[in-house]
$ cat model20.txt   # compact mmCIF, C-alpha atoms and all ligand atoms
# COMPACT_ATOMS: atom_id res chain seq x y z
CA MET L 10 16.69 21.45 -1.66
CA LEU L 11 15.47 18.97 0.89
CA ASP L 12 17.35 17.87 3.96
CA LYS L 13 19.67 14.98 3.03
CA LYS L 14 18.10 12.48 5.41
CA VAL L 15 14.55 13.44 4.42
CA ALA L 16 15.41 13.12 0.72
CA GLU L 17 17.02 9.73 1.35
CA LEU L 18 13.95 8.43 3.18
CA LEU L 19 11.61 9.75 0.46
CA ASN L 20 13.75 8.02 -2.13
CA GLN L 21 13.62 4.76 -0.19
CA GLN L 22 9.86 5.10 0.02
CA VAL L 23 9.64 5.02 -3.78
CA ASN L 24 11.10 1.53 -3.62
CA LYS L 25 8.88 0.51 -0.69
CA GLU L 26 5.75 1.57 -2.58
CA PHE L 27 6.79 -0.33 -5.69
CA TYR L 28 7.50 -3.33 -3.46
CA SER L 29 3.97 -3.00 -2.03
CA ALA L 30 2.60 -2.99 -5.58
CA TYR L 31 4.63 -6.12 -6.35
CA LEU L 32 3.49 -7.83 -3.13
CA TYR L 33 -0.17 -7.09 -3.81
CA LEU L 34 0.16 -8.27 -7.39
CA ASP L 35 1.43 -11.54 -5.90
CA PHE L 36 -1.63 -11.63 -3.60
CA SER L 37 -3.85 -10.94 -6.61
CA ASN L 38 -2.26 -13.76 -8.60
CA TYR L 39 -2.73 -16.11 -5.66
CA TYR L 40 -6.47 -15.41 -5.52
CA PHE L 41 -6.97 -15.71 -9.27
CA ASP L 42 -5.22 -19.10 -9.09
CA GLU L 43 -7.61 -20.10 -6.28
CA GLY L 44 -10.67 -19.08 -8.30
CA LEU L 45 -11.42 -16.14 -6.01
CA ASP L 46 -11.46 -13.59 -8.80
CA GLY L 47 -13.10 -10.88 -6.70
CA PHE L 48 -10.29 -10.99 -4.16
CA GLY L 49 -7.89 -11.07 -7.10
CA ASN L 50 -9.52 -7.96 -8.52
CA TRP L 51 -9.39 -6.18 -5.17
CA TYR L 52 -5.67 -6.78 -4.77
CA ARG L 53 -4.88 -5.99 -8.39
CA ILE L 54 -6.42 -2.56 -7.86
CA GLN L 55 -4.52 -2.28 -4.59
CA ALA L 56 -1.31 -2.91 -6.56
CA GLN L 57 -2.25 -0.08 -8.94
CA GLU L 58 -2.73 2.24 -5.99
CA GLU L 59 0.70 1.39 -4.63
CA ARG L 60 2.27 2.17 -7.98
CA ASP L 61 0.45 5.51 -7.86
CA HIS L 62 1.95 6.14 -4.42
CA ALA L 63 5.44 5.45 -5.77
CA MET L 64 4.82 7.92 -8.60
CA LEU L 65 3.70 10.58 -6.12
CA PHE L 66 6.94 10.22 -4.16
CA ILE L 67 8.90 10.47 -7.42
CA GLN L 68 6.96 13.58 -8.43
CA TYR L 69 7.48 15.19 -5.04
CA LEU L 70 11.24 14.57 -5.17
CA GLN L 71 11.43 15.96 -8.69
CA ASN L 72 9.34 19.01 -7.77
CA ASN L 73 11.96 19.71 -5.14
CA GLY L 74 14.90 19.35 -7.48
CA GLU L 75 15.99 15.99 -6.09
CA LYS L 76 17.44 13.21 -8.20
CA VAL L 77 15.48 9.96 -8.00
CA SER L 78 17.45 6.74 -7.86
CA LEU L 79 15.52 3.58 -8.58
CA GLU L 80 16.74 0.51 -6.72
CA ALA L 81 16.02 -3.17 -7.37
CA ILE L 82 12.61 -4.33 -6.13
CA ASP L 83 12.70 -7.41 -3.90
CA ARG L 84 10.69 -10.44 -4.92
CA PRO L 85 7.51 -10.78 -2.85
CA GLY L 86 8.79 -12.73 0.12
CA ILE L 87 5.59 -13.81 1.87
CA GLU L 88 4.46 -17.42 1.73
CA LEU L 89 0.80 -17.46 0.72
CA THR L 90 -0.54 -20.58 2.39
CA ASN L 91 -4.27 -19.87 2.46
CA ALA L 92 -6.83 -17.20 1.62
CA LYS L 93 -7.03 -15.87 5.17
CA VAL L 94 -3.27 -15.74 5.77
CA VAL L 95 -2.93 -13.51 2.71
CA LEU L 96 -5.38 -11.00 4.20
CA GLU L 97 -3.59 -11.07 7.55
CA GLU L 98 -0.27 -10.46 5.81
CA GLY L 99 -1.91 -7.55 3.97
CA LEU L 100 -2.86 -5.95 7.27
CA LYS L 101 0.62 -6.50 8.72
CA HIS L 102 2.17 -4.97 5.63
CA GLU L 103 0.01 -1.85 5.85
CA GLN L 104 0.96 -1.43 9.52
CA TYR L 105 4.60 -1.63 8.44
CA VAL L 106 4.06 0.98 5.70
CA THR L 107 2.40 3.27 8.24
CA SER L 108 5.53 3.03 10.39
CA LEU L 109 7.66 3.98 7.36
CA ILE L 110 5.53 7.06 6.64
CA HIS L 111 5.74 8.06 10.29
CA THR L 112 9.53 7.72 10.22
CA ILE L 113 9.77 10.10 7.25
CA TYR L 114 7.35 12.47 8.94
CA ASP L 115 9.47 12.39 12.06
CA ALA L 116 12.61 13.23 10.05
CA ALA L 117 10.82 16.13 8.32
CA TYR L 118 9.47 17.38 11.63
CA SER L 119 12.91 17.38 13.23
CA VAL L 120 14.30 19.73 10.54
CA LYS L 121 11.13 21.87 10.37
CA ASP L 122 10.46 20.76 6.80
CA PHE L 123 6.82 21.86 6.77
CA ARG L 124 6.41 21.31 3.05
CA THR L 125 7.29 17.63 3.30
CA MET L 126 5.07 17.29 6.37
CA GLN L 127 2.17 18.71 4.39
CA PHE L 128 2.90 16.34 1.51
CA LEU L 129 2.99 13.42 3.94
CA ASP L 130 -0.28 14.41 5.62
CA TRP L 131 -2.15 12.81 2.71
CA PHE L 132 -0.24 9.56 3.25
CA VAL L 133 -0.85 9.60 7.00
CA LYS L 134 -4.59 9.74 6.29
CA GLU L 135 -4.30 7.22 3.47
CA GLN L 136 -2.53 4.75 5.76
CA GLY L 137 -5.34 5.04 8.29
CA GLU L 138 -7.76 4.06 5.52
CA GLU L 139 -5.52 1.26 4.23
CA GLU L 140 -5.26 -0.29 7.68
CA THR L 141 -9.04 -0.08 8.16
CA ASN L 142 -9.67 -1.69 4.77
CA ALA L 143 -7.18 -4.49 5.43
CA ASP L 144 -8.60 -5.09 8.90
CA ASN L 145 -12.16 -5.19 7.50
CA LEU L 146 -11.13 -7.84 4.98
CA VAL L 147 -9.69 -10.03 7.75
CA LYS L 148 -12.85 -9.61 9.84
CA LYS L 149 -15.18 -10.34 6.93
CA PHE L 150 -13.20 -13.43 6.07
CA GLU L 151 -13.39 -14.60 9.68
CA LEU L 152 -17.16 -14.16 9.60
CA PHE L 153 -17.93 -15.54 6.13
CA GLY L 154 -14.87 -17.36 4.82
CA ASP L 155 -15.89 -20.84 5.98
CA ASP L 156 -19.30 -20.79 4.34
CA PRO L 157 -19.09 -21.31 0.54
CA LYS L 158 -22.22 -19.29 -0.25
CA SER L 159 -21.13 -16.37 1.90
CA LEU L 160 -17.62 -16.54 0.49
CA TYR L 161 -19.09 -16.42 -3.02
CA MET L 162 -21.01 -13.26 -2.14
CA LEU L 163 -17.98 -11.67 -0.49
CA ASP L 164 -15.92 -12.49 -3.56
CA ASN L 165 -18.58 -10.81 -5.72
CA GLU L 166 -18.50 -7.73 -3.49
CA LEU L 167 -14.73 -7.42 -3.84
CA GLY L 168 -15.02 -8.00 -7.58
CA ALA L 169 -17.03 -4.78 -7.83
CA ARG L 170 -14.12 -2.60 -6.73
CA VAL L 171 -12.97 -0.23 -9.47
CA TYR L 172 -9.75 1.68 -9.76
CA SER L 173 -9.71 5.39 -9.11
CA ALA L 174 -6.71 7.67 -9.27
CA PRO L 175 -5.35 9.10 -6.00
CA SER L 176 -6.99 12.28 -4.71
CA LEU L 177 -3.58 13.87 -4.19
CA THR L 178 -2.19 15.85 -7.11
CA LEU L 179 1.18 17.55 -7.11
MG MG K 201 1.11 2.80 -0.33
$ encode --input "model20.txt" --output "C-alpha cells"
Amino acid sequence: MLDKKVAELLNQQVNKEFYSAYLYLDFSNYYFDEGLDGFGNWYRIQAQEERDHAMLFIQYLQNNGEKVSLEAIDRPGIELTNAKVVLEEGLKHEQYVTSLIHTIYDAAYSVKDFRTMQFLDWFVKEQGEEETNADNLVKKFELFGDDPKSLYMLDNELGARVYSAPSLTL
C-alpha cells in the first residue's frame, strides 16, 4: 500500500497527463488547420506520449494495489492565437508538469517511499527532455518562423518525427 497522500497525487497525475494529451491534440489540430502539418504531426505524437504517461501512472498504481479513479478531463483552456504562442504555451505547460512531478517526488521523499521515487526518476529525466524540446521549438521558430522558406523546411523537419513507445516499462 502506498502512503495516502502519495497515492492521491499519483492519481491526480493520471488526469494531468491525459489533460496534457488533450492540450497537445488541440495544438496539433491548430497547426493542421493552419497548414503546418509538420508541427501538427509533432504535437500529435506529443499527445500520444502524454497518453502513454497517463497509462504508466495507472499501471504503477495498479501494481501497488491502488484503485484508480478517473476524473473528468478539462477542455483545453489555452487560446491559440498564433503559431509561436502555441510553442510558448507548450514550454510553459511542460514547466508546470515538471513542478507537478517534483511535488509528487517531494511527497514520496518525505515518507521514505523509495519505490515511488525510483518510478518517478524516469519522469524527472523525461521532463528535462520535454522542457529542452519545447524550448528548442520556441528558439527555432524565433530564428526561422518569419521566413516562409525556412518555416517550410522547419515544418518538414517536424513532420519527420515518428512515434516511439516510452522506454519505461513496469
Ligand atoms: Mg507527460
$ closest_residue --input "model20.txt" --among "L:Phe41, L:Ala16, L:Arg53, L:Ser29" --to "Arg170 (chain L)" --atoms "only C-alpha atoms"
L:Arg53
$ closest_residue --input "model20.txt" --among "L:Met162, L:Asp122, L:Phe132, L:Asn38" --to "Ile54 (chain L)" --atoms "all atoms listed in the file"
L:Asn38
$ residues_near_ligand --input "model20.txt" --ligand "ligand MG 201 (chain K)" --cutoff "10 Å" --atoms "all atoms listed in the file" --output "PyMOL selection string"
chain L and resi 22-23+25-30+55-63+102-103+106-107+110+132+135-136+139
$ residues_around --input "model20.txt" --residues "Gly154 (chain L)" --least-positions-apart "5" --cutoff "9 Å" --atoms "only C-alpha atoms" --output "list in words"
Ala92, Lys93, Lys149, Ser159, Leu160, Tyr161 and Leu163 of chain L
$ closest_residue --input "model20.txt" --among "L:Ser176, L:Met10, L:Trp51, L:Gln21" --to "Ala81 (chain L)" --atoms "all atoms listed in the file"
L:Gln21
$ atom_distance --input "model20.txt" --atom1 "CA of Phe123 (chain L)" --atom2 "CA of Glu138 (chain L)"
23.0 Å
$ build_atoms --input "model20.txt" --residues "region 107-128 of chain L" --atoms "N, CA, C and O atoms" --output "CSV table (one decimal), keeping the file's coordinate frame"
chain,number,residue,atom,x,y,z
L,107,THR,N,2.7,2.1,7.4
L,107,THR,CA,2.4,3.3,8.2
L,107,THR,C,3.6,3.7,9.1
L,107,THR,O,3.9,4.9,9.2
L,108,SER,N,4.3,2.7,9.6
L,108,SER,CA,5.5,3.0,10.4
L,108,SER,C,6.6,3.7,9.5
L,108,SER,O,7.3,4.6,10.0
L,109,LEU,N,6.7,3.3,8.3
L,109,LEU,CA,7.7,4.0,7.4
L,109,LEU,C,7.3,5.4,7.1
L,109,LEU,O,8.1,6.3,7.2
L,110,ILE,N,6.0,5.7,6.9
L,110,ILE,CA,5.5,7.1,6.6
L,110,ILE,C,5.8,7.9,7.9
L,110,ILE,O,6.2,9.1,7.8
L,111,HIS,N,5.5,7.3,9.0
L,111,HIS,CA,5.7,8.1,10.3
L,111,HIS,C,7.2,8.4,10.5
L,111,HIS,O,7.6,9.5,11.0
L,112,THR,N,8.1,7.5,10.1
L,112,THR,CA,9.5,7.7,10.2
L,112,THR,C,10.0,8.9,9.4
L,112,THR,O,10.8,9.8,9.8
L,113,ILE,N,9.4,9.0,8.1
L,113,ILE,CA,9.8,10.1,7.2
L,113,ILE,C,9.2,11.4,7.8
L,113,ILE,O,9.9,12.4,7.8
L,114,TYR,N,8.0,11.3,8.3
L,114,TYR,CA,7.4,12.5,8.9
L,114,TYR,C,8.2,13.0,10.1
L,114,TYR,O,8.4,14.2,10.2
L,115,ASP,N,8.6,12.1,10.9
L,115,ASP,CA,9.5,12.4,12.1
L,115,ASP,C,10.8,13.1,11.6
L,115,ASP,O,11.2,14.1,12.3
L,116,ALA,N,11.4,12.6,10.6
L,116,ALA,CA,12.6,13.2,10.0
L,116,ALA,C,12.3,14.7,9.5
L,116,ALA,O,13.1,15.6,9.8
L,117,ALA,N,11.2,14.8,8.9
L,117,ALA,CA,10.8,16.1,8.3
L,117,ALA,C,10.5,17.1,9.5
L,117,ALA,O,10.9,18.3,9.4
L,118,TYR,N,9.8,16.6,10.5
L,118,TYR,CA,9.5,17.4,11.6
L,118,TYR,C,10.7,17.9,12.4
L,118,TYR,O,10.8,19.1,12.8
L,119,SER,N,11.7,17.0,12.5
L,119,SER,CA,12.9,17.4,13.2
L,119,SER,C,13.7,18.5,12.6
L,119,SER,O,14.5,19.1,13.2
L,120,VAL,N,13.6,18.7,11.2
L,120,VAL,CA,14.3,19.7,10.5
L,120,VAL,C,13.3,20.9,10.1
L,120,VAL,O,13.7,21.7,9.3
L,121,LYS,N,12.1,20.9,10.7
L,121,LYS,CA,11.1,21.9,10.4
L,121,LYS,C,10.9,22.0,8.9
L,121,LYS,O,10.7,23.1,8.3
L,122,ASP,N,10.8,20.8,8.2
L,122,ASP,CA,10.5,20.8,6.8
L,122,ASP,C,8.9,20.7,6.7
L,122,ASP,O,8.4,19.6,6.5
L,123,PHE,N,8.3,21.8,6.8
L,123,PHE,CA,6.8,21.9,6.8
L,123,PHE,C,6.2,21.4,5.4
L,123,PHE,O,5.1,20.9,5.4
L,124,ARG,N,6.9,21.7,4.4
L,124,ARG,CA,6.4,21.3,3.0
L,124,ARG,C,6.3,19.8,2.9
L,124,ARG,O,5.3,19.3,2.5
L,125,THR,N,7.3,19.1,3.4
L,125,THR,CA,7.3,17.6,3.3
L,125,THR,C,6.2,17.1,4.3
L,125,THR,O,5.5,16.1,4.0
L,126,MET,N,6.1,17.7,5.4
L,126,MET,CA,5.1,17.3,6.4
L,126,MET,C,3.7,17.4,5.7
L,126,MET,O,2.8,16.5,5.9
L,127,GLN,N,3.5,18.5,5.0
L,127,GLN,CA,2.2,18.7,4.4
L,127,GLN,C,1.9,17.7,3.3
L,127,GLN,O,0.8,17.1,3.2
L,128,PHE,N,3.0,17.4,2.5
L,128,PHE,CA,2.9,16.3,1.5
L,128,PHE,C,2.5,15.0,2.1
L,128,PHE,O,1.7,14.3,1.7
